[in-house]
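Shown next: structure17.txt, containing compact mmCIF, C-alpha atoms.
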# COMPACT_ATOMS: atom_id res chain seq x y z
CA MET A 1 -6.28 5.52 -10.64
CA ARG A 2 -4.12 3.69 -13.13
CA ILE A 3 -3.40 -0.02 -12.88
CA ARG A 4 -0.50 -0.53 -15.23
CA ILE A 5 -0.16 -3.79 -17.15
CA ALA A 6 3.44 -4.73 -17.87
CA TYR A 7 5.23 -8.04 -18.31
CA VAL A 8 3.01 -10.38 -16.37
CA VAL A 9 0.89 -8.31 -14.16
CA VAL A 10 -2.41 -8.76 -12.54
CA ALA A 11 -5.87 -8.29 -13.80
CA VAL A 12 -7.16 -6.19 -10.94
CA ALA A 13 -10.71 -6.21 -9.65
CA LEU A 14 -11.92 -3.49 -7.30
CA LEU A 15 -13.45 -5.39 -4.42
CA ILE A 16 -14.68 -3.50 -1.37
CA ALA A 17 -15.01 -5.18 2.00
CA GLY A 18 -16.10 -3.46 5.19
CA ASN A 19 -18.93 -2.30 7.36
CA ALA A 20 -21.11 0.76 6.90
CA GLY A 21 -19.56 3.72 8.67
CA ALA A 22 -16.20 1.99 9.00
CA ASN A 23 -13.11 2.26 6.81
CA SER A 24 -13.83 2.98 3.17
CA ILE A 25 -12.05 3.16 -0.17
CA ALA A 26 -12.94 5.18 -3.28
CA VAL A 27 -11.51 6.20 -6.64
CA THR A 28 -11.63 10.02 -6.69
CA THR A 29 -10.01 13.04 -8.32
CA ASN A 30 -9.11 14.33 -4.83
CA ALA A 31 -6.74 11.41 -4.32
CA ALA A 32 -4.92 11.68 -7.66
CA ILE A 33 -1.14 11.71 -7.29
CA GLU A 34 -0.44 10.92 -10.93
CA GLY A 35 -3.04 11.41 -13.65
CA THR A 36 -6.71 12.23 -13.02
CA TYR A 37 -7.85 9.73 -10.37
CA GLY A 38 -6.38 8.12 -7.29
CA LEU A 39 -7.38 5.69 -4.58
CA GLU A 40 -8.55 7.33 -1.35
CA VAL A 41 -8.40 5.15 1.76
CA ASP A 42 -10.40 6.57 4.65
CA PHE A 43 -9.40 5.33 8.10
CA THR A 44 -12.18 5.94 10.59
CA GLY A 45 -10.69 4.10 13.54
CA ALA A 46 -12.69 0.94 12.88
CA GLN A 47 -11.14 -2.49 12.34
CA SER A 48 -12.54 -3.25 8.89
CA ASN A 49 -11.36 -4.06 5.38
CA ALA A 50 -11.53 -1.88 2.28
CA TYR A 51 -9.12 -2.83 -0.46
CA VAL A 52 -8.29 -3.43 -4.10
CA MET A 53 -7.69 -7.12 -4.76
CA SER A 54 -6.02 -8.88 -7.65
CA GLY A 55 -8.50 -11.38 -9.10
CA ASP A 56 -8.44 -14.82 -7.52
CA ARG A 57 -8.09 -18.09 -9.42
CA GLY A 58 -11.73 -19.01 -9.07
CA VAL A 59 -14.19 -16.17 -9.50
CA ASN A 60 -11.73 -13.68 -11.04
CA PRO A 61 -8.91 -15.60 -12.79
CA HIS A 62 -5.68 -13.70 -13.52
CA PRO A 63 -2.17 -14.39 -14.90
CA TRP A 64 -0.45 -14.98 -11.55
CA SER A 65 0.90 -18.50 -11.51
CA ASP A 66 2.75 -19.46 -8.31
CA GLU A 67 5.09 -16.48 -8.62
CA THR A 68 8.49 -16.79 -6.95
CA GLY A 69 9.53 -13.18 -7.50
CA LEU A 70 7.45 -9.99 -7.80
CA ARG A 71 8.03 -6.24 -7.88
CA VAL A 72 5.17 -3.94 -6.83
CA ARG A 73 5.38 -0.23 -7.66
CA PHE A 74 2.91 2.30 -6.29
CA LEU A 75 2.57 5.96 -5.32
CA ILE A 76 1.59 6.89 -1.79
CA ASP A 77 0.75 10.07 0.08
CA PRO A 78 -0.01 9.53 3.76
CA GLY A 79 -1.29 13.08 3.83
CA THR A 80 -4.91 13.52 3.02
CA PRO A 81 -7.21 14.23 0.09
CA ALA A 82 -9.78 15.68 2.50
CA GLY A 83 -7.51 18.31 4.02
CA SER A 84 -6.75 16.77 7.41
CA THR A 85 -4.00 14.49 8.63
CA LEU A 86 -3.93 11.08 10.21
CA SER A 87 -4.24 11.50 13.95
CA MET A 88 -0.93 11.59 15.79
CA ALA A 89 -2.70 10.41 18.94
CA ASN A 90 -3.90 7.24 17.20
CA GLN A 91 -1.03 6.63 14.82
CA GLY A 92 -0.58 2.85 15.18
CA ASN A 93 0.42 0.54 12.35
CA ILE A 94 -1.70 0.80 9.21
CA ARG A 95 -1.65 -2.36 7.10
CA ILE A 96 -1.82 -1.21 3.46
CA ALA A 97 -0.91 -4.42 1.60
CA GLN A 98 -0.63 -8.15 2.04
CA PHE A 99 0.38 -10.94 -0.30
CA PHE A 100 -1.08 -14.45 -0.26
CA MET A 101 0.04 -17.92 -1.25
CA ASP A 102 -3.05 -19.78 -2.49
CA TYR A 103 -5.25 -17.17 -0.74
CA ILE A 104 -7.17 -19.86 1.13
CA GLY A 105 -4.89 -22.49 2.59
CA ARG A 106 -1.30 -21.44 3.12
CA GLY A 107 -2.09 -17.83 3.84
CA VAL A 108 -0.26 -14.52 3.99
CA LYS A 109 3.44 -14.44 3.07
CA ALA A 110 4.24 -10.73 3.25
CA VAL A 111 2.66 -7.62 4.80
CA LEU A 112 3.37 -3.89 4.39
CA PHE A 113 2.58 -1.36 7.12
CA VAL A 114 2.69 2.45 7.15
CA LYS A 115 3.30 4.21 10.45
CA ARG A 116 3.57 7.85 11.51
CA ASN A 117 6.96 8.57 13.04
CA SER A 118 6.91 9.35 16.76
CA THR A 119 8.16 12.91 16.16
CA GLY A 120 7.94 15.38 13.30
CA ASP A 121 6.03 14.95 10.06
CA SER A 122 7.76 11.86 8.69
CA TRP A 123 6.30 8.43 7.94
CA ARG A 124 7.79 4.94 8.00
CA LEU A 125 7.28 1.78 5.93
CA GLN A 126 7.57 -1.59 7.62
CA CYS A 127 7.47 -5.16 6.28
CA TYR A 128 6.84 -8.53 7.90
CA VAL A 129 7.48 -11.70 5.93
CA ARG A 130 7.18 -15.44 6.47
CA ASP A 131 10.55 -17.06 7.15
CA GLY A 132 11.20 -20.77 7.65
CA THR A 133 14.49 -20.49 9.52
CA HIS A 134 15.05 -23.05 12.30
CA GLY A 135 12.27 -25.29 11.01
CA THR A 136 9.43 -22.87 11.66
CA ASP A 137 7.40 -20.67 9.33
CA ASN A 138 6.77 -17.60 11.43
CA PHE A 139 6.57 -13.91 10.57
CA ALA A 140 9.91 -12.12 10.76
CA LEU A 141 10.77 -8.46 10.34
CA GLY A 142 11.66 -7.90 6.70
CA GLY A 143 12.75 -4.37 7.47
CA ALA A 144 11.63 -0.82 8.28
CA GLY A 145 12.72 2.71 7.45
CA TYR A 146 11.71 6.24 6.53
CA LEU A 147 9.13 6.58 3.79
CA THR A 148 8.36 10.33 3.56
CA GLY A 149 9.09 13.66 5.20
CA LEU A 150 12.82 13.58 4.44
CA THR A 151 12.87 16.87 2.52
CA PRO A 152 10.54 19.48 4.03
CA GLY A 153 8.51 21.53 1.59
CA TRP A 154 8.22 18.95 -1.18
CA GLY A 155 5.20 17.08 0.15
CA ASP A 156 4.84 13.41 1.03
CA GLU A 157 4.08 12.00 -2.45
CA THR A 158 6.49 9.09 -2.82
CA ILE A 159 7.17 6.34 -5.34
CA VAL A 160 7.64 2.99 -3.60
CA GLU A 161 8.99 -0.20 -5.15
CA PHE A 162 8.68 -3.39 -3.10
CA GLU A 163 10.30 -6.67 -4.15
CA TRP A 164 9.72 -10.18 -2.80
CA GLN A 165 11.86 -13.11 -3.94
CA ALA A 166 11.71 -16.76 -2.90
CA ALA A 167 14.98 -18.52 -2.00
CA SER A 168 16.68 -20.24 -4.92
CA ALA A 169 16.66 -23.80 -3.49
CA PRO A 170 15.98 -25.77 -0.29
CA GLY A 171 18.58 -24.78 2.29
CA ALA A 172 19.82 -21.80 0.26
CA ASN A 173 18.38 -19.18 2.64
CA ASP A 174 18.79 -16.43 0.04
CA GLY A 175 15.18 -15.28 -0.23
CA ARG A 176 14.81 -11.54 0.01
CA VAL A 177 12.58 -8.50 0.43
CA LYS A 178 13.53 -4.96 -0.53
CA ALA A 179 11.79 -1.57 -0.64
CA THR A 180 12.97 1.71 -2.18
CA ARG A 181 11.57 5.24 -2.14
CA THR A 182 11.73 8.26 -4.46
CA GLN A 183 10.20 11.56 -3.38
CA LEU A 184 7.97 12.44 -6.33
CA ASN A 185 7.96 16.25 -6.28
CA ASN A 186 11.57 16.85 -5.26
CA PRO A 187 13.70 17.64 -8.35
CA SER A 188 16.87 16.62 -6.51
CA ALA A 189 15.45 13.42 -5.03
CA VAL A 190 17.30 10.17 -5.61
CA THR A 191 16.04 6.63 -5.14
CA ALA A 192 17.05 5.30 -1.73
CA THR A 193 16.67 1.93 -0.05
CA ILE A 194 14.12 1.85 2.78
CA PHE A 195 15.03 -1.69 3.84
CA GLU A 196 16.48 -4.90 2.45
CA ARG A 197 16.81 -8.42 3.82
CA THR A 198 18.53 -11.21 1.85
CA ASP A 199 18.65 -14.26 4.17
CA LEU A 200 15.11 -15.62 4.12
CA ASP A 201 14.29 -19.34 4.12
CA ASN A 202 11.23 -19.22 1.85
CA ASP A 203 12.09 -21.54 -1.05
CA ASP A 204 8.73 -23.33 -0.77
CA HIS A 205 6.71 -20.09 -0.88
CA PHE A 206 5.06 -18.41 -3.85
CA LEU A 207 2.56 -15.59 -4.33
CA ASN A 208 -0.83 -15.72 -6.01
CA ILE A 209 -2.87 -12.77 -4.80
CA MET A 210 -2.55 -9.26 -3.34
CA TRP A 211 -4.78 -7.00 -1.22
CA PHE A 212 -4.01 -3.27 -1.38
CA GLY A 213 -5.70 -0.52 0.65
CA SER A 214 -6.95 -0.90 4.22
CA ILE A 215 -6.63 -4.35 5.76
CA GLY A 216 -8.41 -3.94 9.08
CA THR A 217 -6.77 -6.79 10.98
CA GLY A 218 -3.49 -4.88 11.03
CA GLU A 219 -4.63 -1.41 12.03
CA VAL A 220 -3.16 -0.97 15.46
CA GLY A 221 -4.16 2.14 17.40
CA ASN A 222 -7.33 3.00 15.44
CA PRO A 223 -5.85 5.64 13.09
CA GLU A 224 -8.06 8.47 11.84
CA GLY A 225 -7.66 10.20 8.48
CA TYR A 226 -6.82 9.49 4.86
CA ILE A 227 -4.09 8.00 2.69
CA LYS A 228 -3.75 8.43 -1.08
CA LEU A 229 -2.62 5.49 -3.22
CA ASP A 230 -2.09 5.58 -6.98
CA SER A 231 -0.50 3.99 -10.07
CA VAL A 232 -0.07 0.38 -8.96
CA SER A 233 1.93 -1.99 -11.14
CA ILE A 234 3.00 -5.57 -10.41
CA THR A 235 5.68 -7.34 -12.48
CA ARG A 236 7.72 -10.51 -12.25
CA LEU A 237 11.36 -10.29 -11.19
Now, as a test, write the supplied structure out as structure tokens.
Amino acid sequence: MRIRIAYVVVAVALLIAGNAGANSIAVTTNAAIEGTYGLEVDFTGAQSNAYVMSGDRGVNPHPWSDETGLRVRFLIDPGTPAGSTLSMANQGNIRIAQFFMDYIGRGVKAVLFVKRNSTGDSWRLQCYVRDGTHGTDNFALGGAGYLTGLTPGWGDETIVEFEWQAASAPGANDGRVKATRTQLNNPSAVTATIFERTDLDNDDHFLNIMWFGSIGTGEVGNPEGYIKLDSVSITRL
């Protein structure tokens, strides 16, 4: 698994959280999408955490400094390194990433979910983001759309780029989130927008930390199976 360092990126520590026999995460050759190793996330139906985390400001300091705009690029294959597929009967929402402001204190500001489509072999990517519209600071839908399965026969390996941007000033309401996809093994594939929202009231938000893998609190429906993740890079906008 390659953690690319570009511009300002994160120093990444591999931290595993979870219970024995529950969800797990491992760096293996079976999960490689690009290069020799990849990150294999095993969903066993249990509500537990197993993730890669960017180093925090205390125990594991890193270059993040109240970031107001970030782009995260990663490769994903919701198929399986172990030769089976995530259960259609227990598809649910699988929380694969969340982004924190201060980590402890002001909490999660954006969340990414993967979900099996209700029919066929396609998958969807969904985002929820904190939005302060109307004087509140609740989670709002940042967007959702197809992630994989658009071109049969080319596999589900997909490049995803996710962007989060704080609003430019108080009252501006021009904060945004955006995600794009590129089917990795399709020679005719073009980059397409999965979702984009540009009207967020989040001028007083910033990001300091990221979890990436299996975040158990968001796994709805107890999914069973594996997801491959690979080649993560995080840069400032």
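Coordinates place CA of Ala32 (chain A) at a distance of 23.6 Å from CA of Ala192 (chain A).
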Just the residues within 9 Å of Gly69 (chain A), please, counting all atoms listed in the file, with nothing from its chain fewer than 3 positions along; format it as a compact mmCIF listing (two decimals) with C-alpha atoms, in the coordinates of the input.
# COMPACT_ATOMS: atom_id res chain seq x y z
CA GLU A 163 10.30 -6.67 -4.15
CA TRP A 164 9.72 -10.18 -2.80
CA GLN A 165 11.86 -13.11 -3.94
CA ALA A 166 11.71 -16.76 -2.90
CA PHE A 206 5.06 -18.41 -3.85
CA LEU A 207 2.56 -15.59 -4.33
CA THR A 235 5.68 -7.34 -12.48
CA ARG A 236 7.72 -10.51 -12.25
CA LEU A 237 11.36 -10.29 -11.19
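In this model, the gap between CA of Ala26 (chain A) and CA of Thr180 (chain A) comes to 26.2 Å.
Reported to one decimal place, the separation of CA of Ser48 (chain A) from CA of Arg181 (chain A) is 27.8 Å.
Of the listed residues (A:Asn173, A:Thr193, A:Glu161, A:Ser188), A:Thr193 comes nearest to Tyr146 (chain A); the distances count all atoms listed in the file.
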Selected residue of minimal separation from Asp156 (chain A) among A:Leu184, A:Leu200, A:Val72, A:Val111, counting all atoms listed in the file: A:Leu184
Contact residues around Phe162 (chain A) with all atoms listed in the file at 6 Å, ignoring same-chain residues under 3 positions, as a list in words: Arg71, Val72, Lys178 and Ala179 of chain A
Dump of C-alpha atoms for the selected residues, as a PDB file, in the coordinates of the input:
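Saved as again-v8.pdb:
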ATOM      1  CA  ARG A  71       8.030  -6.240  -7.880  1.00  0.00           C
ATOM      2  CA  VAL A  72       5.170  -3.940  -6.830  1.00  0.00           C
ATOM      3  CA  LYS A 178      13.530  -4.960  -0.530  1.00  0.00           C
ATOM      4  CA  ALA A 179      11.790  -1.570  -0.640  1.00  0.00           C
TER       5      ALA A 179
END
Top pick for closest residue to Asp137 (chain A), considering A:Val160, A:Asp201, A:Asn117, A:Asp174 and counting all atoms listed in the file: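 Under the stated criterion, the closest residue is A:Asp201.
Considering the residues A:Ser233, A:Gln126, A:Thr36, A:Gln183 and counting only C-alpha atoms, Asp77 (chain A) has its shortest atom-to-atom contact with A:Gln183.
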A:Ile215, A:Gln98, A:Ile76, A:Arg197 ranked by distance to Thr148 (chain A), top pick (using all atoms listed in the file): A:Ile76
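The nearest approach to Val27 (chain A) among the residues A:Ala189, A:Leu229, A:Ala169, A:Val177, with all atoms listed in the file taken into account, belongs to A:Leu229.
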Residue neighbourhood Arg124 (chain A), 6 Å, all atoms listed in the file, exclusion window fewer than 3 positions, as a list of chain:residue names: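 Here the qualifying residues turn out to be A:Val114, A:Lys115, A:Gly145, A:Tyr146, A:Leu147.
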